[in-house]
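In what follows, a structure is listed as structure tokens, so that the remarks can point back to it.
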Amino acid sequence: MTAIDYSQKIPNNVNLADDRRLQRALEAWQPAFLNWWDELGPAGSSNYEIFLRTAIDVSAKGWAHFDMVKMPDYRWGIFLGDKEENRKIGFGAHKGEDAWQEVPGEYRAELRRLIVTQGDTEPASVEQQRQLGRTCPSLYDLRSLFQVNVEEGRHLWAMVYLLHAYFGRDGREEAEEMLMRHSGDEDKPRILEAFNVPTTDWLSFFMFTYFQDRDGKFQLNSLAESGFDPLSRTCNFMLTEEAHHMFVGETGVGRVVERSIQLIKEHDTLDIRKYGGIDLTTIQKWINFHYSICLDLFGQEKSTNAANFYNMGLKGRYQEMKIDDDHQLDNDVYKIPEISGNKVIMSETGALGSINERLRNDYRDDCQRGIDRWNKMIVNAEIDFKLRLPHSAFHRNIGIFADINADINGNIISEEEWNENIKNWIPTAEDRTFIESLMVPVTEVGKVAGWIAPPARGIQGKDPDFEYVKFH
Ligand code: BYC
């Protein structure tokens with residue numbers, strides 16, 4: 001069941017050949033996807049040969065194969081995680097009933113909406129990162145970018161499969177729309193705000209894969225709890241790939257910090273821009289920006305949508321089955337932030353209505369882990385500086401904090417104070433120009449740009465200096 005059939009036009013482990021109608025529909029969508037990849041995927045890369053990982057089996061062992069591949073020849077396909085026999089719905093009003101193998105009719109619209117929102121983020125991220133290949137700091141990093149990009153392409157395939165297989169004509173229409181909306185497009189933008197912000201430099205790319213892909217981890221985990229079994233199985237497999245994206249982010253930012261530390265020590269100053277390094281203050285600004293826009297991706301603190309998704313058994317909490325409660329939450333409470341006068345206070349409310357906030361808090365705690373690891377490097381080097389996550393109230397566009405201005409400590413401040421200080425908190429045009437000035441491509445085998453430390457080890461047992469990308 002887990003082996004993937006690569007002899008088919010669309011590789012899959014869902015016996016696509018047995019369903020001619022579905023196969024034809026997906027084969028009709030495939031050229032549109034390839035066109036989109038050509039027009040809005042990684043710029044100018046179609047002739048490069050890249051050391052890429054391709055899934056060959058969805059089981060925990062031996063699921064990947066590595067080879068030099070040109071990206072347009074990458075075998076995008078449909079891979080579902082293993083089926084758990086007799087799986088039951090784990091939460092909400094249908095708790096204990098058999099998991100659905102078909103779409104529950106009464107929840108069709110909500111389920112489709114969740115799948116469309118999830119699917120929309122995948123091509124969005126590829127579009128956002130489209131130009132980065134031109135300024136890679138090393139061949140190792142260029143390969144990481146392309147690996148992330150092809151896998152996001154496959155995640156789009158995963159959601160498109162669900163739409164085609166389970167939602168009939170409107171599913172097919174939604175699948176077409178996935179390639180019509182574009183990141184940052186004024187008329188047809190991507191659905192969620194953070195997916196309309198271009199990723200123009202590699203510091204942003206590492207922040208994106210650290211913070212924004214981590215939203216993916218939390219949302220996919222919640223969807224993996226779904227009572228709709230095909231969605232759950234799809235997300236379980238996507239999560240195995242998402243882990244690598246966050247590794248790219250964590251090690252990427254870590255290597256920038258490592259290089260900054262070297263330069264600080266070498267020149268005995270925190271002000272290392274003139275030596276071609278990224279100062280810790282600038283790294284902090286990038287953290288403030290990316291973390292705050294990602295907090296918006298969790299929706300409002302109080303959400304009837306989220307309560308409904310939960311009650312219906314469509315979207316659970318992070319690691320739902322490990323939580324020790326009744327998984328229905330009718331009588332449970334949870335603390336969410338509220339604005340009282342000029343202060344942010346915590347107030348108790350129903351747990352069902354605050355599912356989004358709980359997930360945001362789980363996400364925050366997970367984000368903190370990397371910050372702690374980077375700080376350890378700084379402390380070990382005896383440098384007096386501490387990176388941090390800004391307060392949840394800072395720089396928000398969704399939820400209760402959207403209407404106020406708050407500093408990075410969560411103090412509510414006036415518009416004037418905000419305008420005066422914002423330059424110290426998030427990247428200014430000048431900061432961005434500086435970072436862009438460092439983005440000079442380094443494509444020589446074994447070389448790495450001066451603003452980032454080399455990777456500690458290579459991919460799949462290869463040397464860090466291996467020629468991960470060949471240009472011809
Ligand atoms: N931007 O009740 P609320 C990934 C809208 S990342 C724009 O709180 P809900 C990846 C909302 O739609 C994971 N609009 O909303 C990472 C609603 O609109 P309506 C992506 C927003 O539904 C890196 C209204 O505000 N997956 O995989 O509870 C690379 C009321 O809000 C936003 C998912 O997100 C926003 N940020 O929560 C590649 C999972 N936030 O009803 C890939 C699926 C809210 O008034 N999505 N709104 O028209 C969901 O679970 C939910 O849609 C959300 C929103 C958690 C996103």
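To be explicit about the labels: the chains of the structure tokens are called A, B, and onward in the order shown, and within each one the residues are counted from 1, while ligands get numbers from 1 in the order they are shown.
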Kindly compile the residues surrounding ligand 1 within 6 Å, counting only C-alpha atoms and all ligand atoms, and format them as a list in words.
Leu114, Thr117, Gln118, Thr121, Glu122, Ser125, Glu152, Ile191, Leu192, Glu193, Gln212, Asp213, Asp215, Gly216, Gln219, Asp296, Leu297, Phe298, Gly299, Gln300, Ser303, Thr304, Asn305 and Ala306 of chain A
Set the distance at 10 Å and use only C-alpha atoms: which residues neighbour Gly350 of chain A once local chain neighbours fewer than 4 positions away are removed? I'd like the list as a ChimeraX atom specification.
/A:302,307,329-336,354-355
Distance query Asn375 of chain A at most 9 Å, only C-alpha atoms, self and fewer than 3 positions along chain excluded, as JSON, numbers by chain
{"A": [370, 371, 372, 378, 379, 380, 385, 386, 387, 388]}
Write out as a PDB file with N, CA and C atoms, in the first residue's frame each polymer residue whose atoms come within 8 Å of segment 260-263 of chain A, counting only C-alpha atoms; drop sequence neighbours fewer than 5 positions from it.
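Output (selection27.pdb):
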ATOM      1  N   ASP A 268      35.767  42.903  17.591  1.00  0.00           N
ATOM      2  CA  ASP A 268      35.469  43.435  18.913  1.00  0.00           C
ATOM      3  C   ASP A 268      34.413  44.546  18.882  1.00  0.00           C
ATOM      4  N   ILE A 272      28.889  45.161  12.944  1.00  0.00           N
ATOM      5  CA  ILE A 272      29.692  44.378  11.986  1.00  0.00           C
ATOM      6  C   ILE A 272      29.261  44.565  10.539  1.00  0.00           C
ATOM      7  N   TYR A 275      31.904  45.017   8.031  1.00  0.00           N
ATOM      8  CA  TYR A 275      32.747  43.848   7.739  1.00  0.00           C
ATOM      9  C   TYR A 275      31.970  42.796   6.938  1.00  0.00           C
ATOM     10  N   GLY A 277      28.980  41.553   7.653  1.00  0.00           N
ATOM     11  CA  GLY A 277      28.149  40.638   8.444  1.00  0.00           C
ATOM     12  C   GLY A 277      26.783  41.251   8.730  1.00  0.00           C
ATOM     13  N   ILE A 278      25.869  40.421   9.214  1.00  0.00           N
ATOM     14  CA  ILE A 278      24.541  40.918   9.591  1.00  0.00           C
ATOM     15  C   ILE A 278      24.538  41.062  11.112  1.00  0.00           C
ATOM     16  N   ASP A 279      24.397  42.285  11.578  1.00  0.00           N
ATOM     17  CA  ASP A 279      24.447  42.538  13.022  1.00  0.00           C
ATOM     18  C   ASP A 279      23.226  41.932  13.707  1.00  0.00           C
ATOM     19  N   LEU A 280      23.372  41.631  14.985  1.00  0.00           N
ATOM     20  CA  LEU A 280      22.313  40.941  15.724  1.00  0.00           C
ATOM     21  C   LEU A 280      21.042  41.798  15.812  1.00  0.00           C
ATOM     22  N   ILE A 378      25.216  32.729  21.393  1.00  0.00           N
ATOM     23  CA  ILE A 378      25.642  34.102  21.709  1.00  0.00           C
ATOM     24  C   ILE A 378      26.240  34.152  23.121  1.00  0.00           C
ATOM     25  N   ALA A 381      29.622  32.654  23.394  1.00  0.00           N
ATOM     26  CA  ALA A 381      30.678  33.513  22.844  1.00  0.00           C
ATOM     27  C   ALA A 381      30.901  34.748  23.738  1.00  0.00           C
ATOM     28  N   ILE A 383      28.930  37.220  24.417  1.00  0.00           N
ATOM     29  CA  ILE A 383      28.472  38.480  23.819  1.00  0.00           C
ATOM     30  C   ILE A 383      27.205  38.905  24.555  1.00  0.00           C
ATOM     31  N   TRP A 451      28.456  36.417   4.707  1.00  0.00           N
ATOM     32  CA  TRP A 451      27.541  36.808   5.799  1.00  0.00           C
ATOM     33  C   TRP A 451      26.926  35.601   6.506  1.00  0.00           C
ATOM     34  N   ILE A 452      27.319  34.393   6.067  1.00  0.00           N
ATOM     35  CA  ILE A 452      26.717  33.183   6.662  1.00  0.00           C
ATOM     36  C   ILE A 452      27.821  32.129   6.823  1.00  0.00           C
TER      37      ILE A 452
END
Segment 66-300 of chain A: which residues are helix (DSSP H, G or I) by DSSP, as a ChimeraX atom specification?
/A:71-73,105-128,132-135,139-166,168-178,193-196,202-224,229-267,273-275,280-298
May I have a table of the residues of segment 322-356 of chain A lying at most 12 Å from segment 404-414 of chain A, giving each one's closest pair of atoms and their distance in Å to one decimal, counting only C-alpha atoms, ordered by chain and ascending residue number, as JSON lines?
{"residue": "A:Pro337", "atom": "CA", "partner": "A:Gly410", "partner_atom": "CA", "distance": 11.0}
{"residue": "A:Glu338", "atom": "CA", "partner": "A:Ile404", "partner_atom": "CA", "distance": 11.6}
{"residue": "A:Ile339", "atom": "CA", "partner": "A:Ile404", "partner_atom": "CA", "distance": 9.2}
{"residue": "A:Ser340", "atom": "CA", "partner": "A:Ile412", "partner_atom": "CA", "distance": 10.5}
{"residue": "A:Gly341", "atom": "CA", "partner": "A:Ile412", "partner_atom": "CA", "distance": 9.6}
{"residue": "A:Asn342", "atom": "CA", "partner": "A:Ile412", "partner_atom": "CA", "distance": 6.1}
{"residue": "A:Lys343", "atom": "CA", "partner": "A:Ile412", "partner_atom": "CA", "distance": 6.4}
{"residue": "A:Val344", "atom": "CA", "partner": "A:Gly410", "partner_atom": "CA", "distance": 7.4}
{"residue": "A:Ile345", "atom": "CA", "partner": "A:Gly410", "partner_atom": "CA", "distance": 10.4}
Export of the given selection (N, CA and C atoms) as a PDB file, in the first residue's frame:
ATOM      1  N   PRO A 337      -6.061  36.818  25.442  1.00  0.00           N
ATOM      2  CA  PRO A 337      -5.795  38.220  25.759  1.00  0.00           C
ATOM      3  C   PRO A 337      -6.984  39.097  25.408  1.00  0.00           C
ATOM      4  N   GLU A 338      -7.079  40.185  26.155  1.00  0.00           N
ATOM      5  CA  GLU A 338      -8.168  41.128  25.925  1.00  0.00           C
ATOM      6  C   GLU A 338      -7.595  42.507  26.195  1.00  0.00           C
ATOM      7  N   ILE A 339      -8.181  43.523  25.583  1.00  0.00           N
ATOM      8  CA  ILE A 339      -7.686  44.865  25.860  1.00  0.00           C
ATOM      9  C   ILE A 339      -8.614  45.539  26.853  1.00  0.00           C
ATOM     10  N   SER A 340      -8.029  45.967  27.950  1.00  0.00           N
ATOM     11  CA  SER A 340      -8.826  46.613  28.975  1.00  0.00           C
ATOM     12  C   SER A 340      -8.199  47.979  29.240  1.00  0.00           C
ATOM     13  N   GLY A 341      -8.908  49.028  28.857  1.00  0.00           N
ATOM     14  CA  GLY A 341      -8.344  50.367  28.965  1.00  0.00           C
ATOM     15  C   GLY A 341      -7.106  50.439  28.090  1.00  0.00           C
ATOM     16  N   ASN A 342      -5.971  50.680  28.749  1.00  0.00           N
ATOM     17  CA  ASN A 342      -4.734  50.797  27.981  1.00  0.00           C
ATOM     18  C   ASN A 342      -3.795  49.625  28.234  1.00  0.00           C
ATOM     19  N   LYS A 343      -4.407  48.493  28.618  1.00  0.00           N
ATOM     20  CA  LYS A 343      -3.567  47.342  28.989  1.00  0.00           C
ATOM     21  C   LYS A 343      -4.053  46.063  28.308  1.00  0.00           C
ATOM     22  N   VAL A 344      -3.108  45.144  28.143  1.00  0.00           N
ATOM     23  CA  VAL A 344      -3.484  43.814  27.665  1.00  0.00           C
ATOM     24  C   VAL A 344      -3.650  42.938  28.901  1.00  0.00           C
ATOM     25  N   ILE A 345      -4.843  42.369  29.080  1.00  0.00           N
ATOM     26  CA  ILE A 345      -5.040  41.473  30.227  1.00  0.00           C
ATOM     27  C   ILE A 345      -5.460  40.092  29.709  1.00  0.00           C
TER      28      ILE A 345
END
Please report, as JSON lines, each residue of segment 91-201 of chain A lying at most 8 Å from segment 443-450 of chain A, together with the nearest pair of atoms and the separation in Å rounded to one decimal; use only C-alpha atoms, and order rows by chain and ascending residue number.
{"residue": "A:Cys136", "atom": "CA", "partner": "A:Thr443", "partner_atom": "CA", "distance": 7.3}
{"residue": "A:Pro137", "atom": "CA", "partner": "A:Ala449", "partner_atom": "CA", "distance": 4.8}
{"residue": "A:Ser138", "atom": "CA", "partner": "A:Val448", "partner_atom": "CA", "distance": 4.9}
{"residue": "A:Leu139", "atom": "CA", "partner": "A:Thr443", "partner_atom": "CA", "distance": 5.7}
Quick one: residues within 12 Å of segment 420-422 of chain A, only C-alpha atoms, excluding same-chain residues fewer than 2 positions away - as a PyMOL selection string?
chain A and resi 285+288-289+394-395+405-408+413-418+424-429
Expected answer as a PyMOL selection string: strand (DSSP E or B) residues in segment 153-338 of chain A:
chain A and resi 228+333-338
Let me see the file: selected residues, N, CA, C and O atoms, as a PDB file, in the first residue's frame.
ATOM      1  N   PHE A 228     -12.092  13.456   8.693  1.00  0.00           N
ATOM      2  CA  PHE A 228     -12.116  13.111   7.260  1.00  0.00           C
ATOM      3  C   PHE A 228     -10.777  12.434   6.956  1.00  0.00           C
ATOM      4  O   PHE A 228      -9.752  13.090   6.844  1.00  0.00           O
ATOM      5  N   VAL A 333     -12.632  25.941  29.786  1.00  0.00           N
ATOM      6  CA  VAL A 333     -12.297  27.358  29.577  1.00  0.00           C
ATOM      7  C   VAL A 333     -10.831  27.488  29.142  1.00  0.00           C
ATOM      8  O   VAL A 333     -10.034  26.554  29.304  1.00  0.00           O
ATOM      9  N   TYR A 334     -10.507  28.644  28.603  1.00  0.00           N
ATOM     10  CA  TYR A 334      -9.141  28.915  28.160  1.00  0.00           C
ATOM     11  C   TYR A 334      -8.912  30.411  28.299  1.00  0.00           C
ATOM     12  O   TYR A 334      -9.853  31.202  28.158  1.00  0.00           O
ATOM     13  N   LYS A 335      -7.671  30.791  28.560  1.00  0.00           N
ATOM     14  CA  LYS A 335      -7.394  32.223  28.746  1.00  0.00           C
ATOM     15  C   LYS A 335      -6.936  32.844  27.431  1.00  0.00           C
ATOM     16  O   LYS A 335      -6.013  32.330  26.785  1.00  0.00           O
ATOM     17  N   ILE A 336      -7.561  33.935  27.076  1.00  0.00           N
ATOM     18  CA  ILE A 336      -7.139  34.657  25.871  1.00  0.00           C
ATOM     19  C   ILE A 336      -6.865  36.122  26.234  1.00  0.00           C
ATOM     20  O   ILE A 336      -7.388  36.627  27.227  1.00  0.00           O
ATOM     21  N   PRO A 337      -6.061  36.818  25.442  1.00  0.00           N
ATOM     22  CA  PRO A 337      -5.795  38.220  25.759  1.00  0.00           C
ATOM     23  C   PRO A 337      -6.984  39.097  25.408  1.00  0.00           C
ATOM     24  O   PRO A 337      -7.773  38.776  24.517  1.00  0.00           O
ATOM     25  N   GLU A 338      -7.079  40.185  26.155  1.00  0.00           N
ATOM     26  CA  GLU A 338      -8.168  41.128  25.925  1.00  0.00           C
ATOM     27  C   GLU A 338      -7.595  42.507  26.195  1.00  0.00           C
ATOM     28  O   GLU A 338      -6.643  42.637  26.969  1.00  0.00           O
TER      29      GLU A 338
END
Show which residues sit within 9 Å of Asn397 of chain A, as a CSV table (one decimal) with N, CA and C atoms, in the first residue's frame. Count only C-alpha atoms, and ignore same-chain residues fewer than 2 positions away.
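File selection-v7.csv, as written:
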chain,number,residue,atom,x,y,z
A,193,GLU,N,-2.8,36.6,4.4
A,193,GLU,CA,-1.9,37.8,4.2
A,193,GLU,C,-0.4,37.5,4.1
A,292,SER,N,5.7,38.2,13.7
A,292,SER,CA,4.4,38.9,13.9
A,292,SER,C,3.5,38.6,12.8
A,293,ILE,N,4.0,38.6,11.5
A,293,ILE,CA,3.0,38.3,10.4
A,293,ILE,C,2.5,36.8,10.5
A,296,ASP,N,-0.5,36.2,12.8
A,296,ASP,CA,-1.8,36.5,12.1
A,296,ASP,C,-2.4,35.2,11.4
A,395,HIS,N,2.7,44.5,16.2
A,395,HIS,CA,2.6,44.5,14.7
A,395,HIS,C,1.7,43.5,14.2
A,399,GLY,N,-7.2,40.0,14.5
A,399,GLY,CA,-7.6,39.7,15.9
A,399,GLY,C,-7.6,41.1,16.7
A,400,ILE,N,-7.7,40.9,18.0
A,400,ILE,CA,-7.9,42.1,18.9
A,400,ILE,C,-6.7,43.1,18.8
A,401,PHE,N,-5.6,42.7,18.5
A,401,PHE,CA,-4.4,43.6,18.4
A,401,PHE,C,-4.3,44.4,17.1
A,402,ALA,N,-5.2,44.1,16.2
A,402,ALA,CA,-5.1,44.8,14.9
A,402,ALA,C,-5.5,46.2,15.1
A,403,ASP,N,-6.3,46.5,16.1
A,403,ASP,CA,-6.8,47.9,16.2
A,403,ASP,C,-5.9,48.8,17.1
Find the residue from A:Glu430, A:Glu176, A:Asp201, A:Asp229 that sits nearest to Gly81 of chain A; use only C-alpha atoms when measuring.
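Closest to Gly81 of chain A of all the choices is A:Asp229.
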Pick out the residues sitting within 12 Å of Asp366 of chain A, and hand them over as a VMD selection string; count only C-alpha atoms, and ignore anything fewer than 2 positions along from it in its own chain.
chain A and resid 210 to 211 214 to 215 217 to 218 246 250 291 318 359 to 364 368 to 373 389
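One finds atom CA of Val160 of chain A at 23.8 Å from atom CA of Arg317 of chain A.
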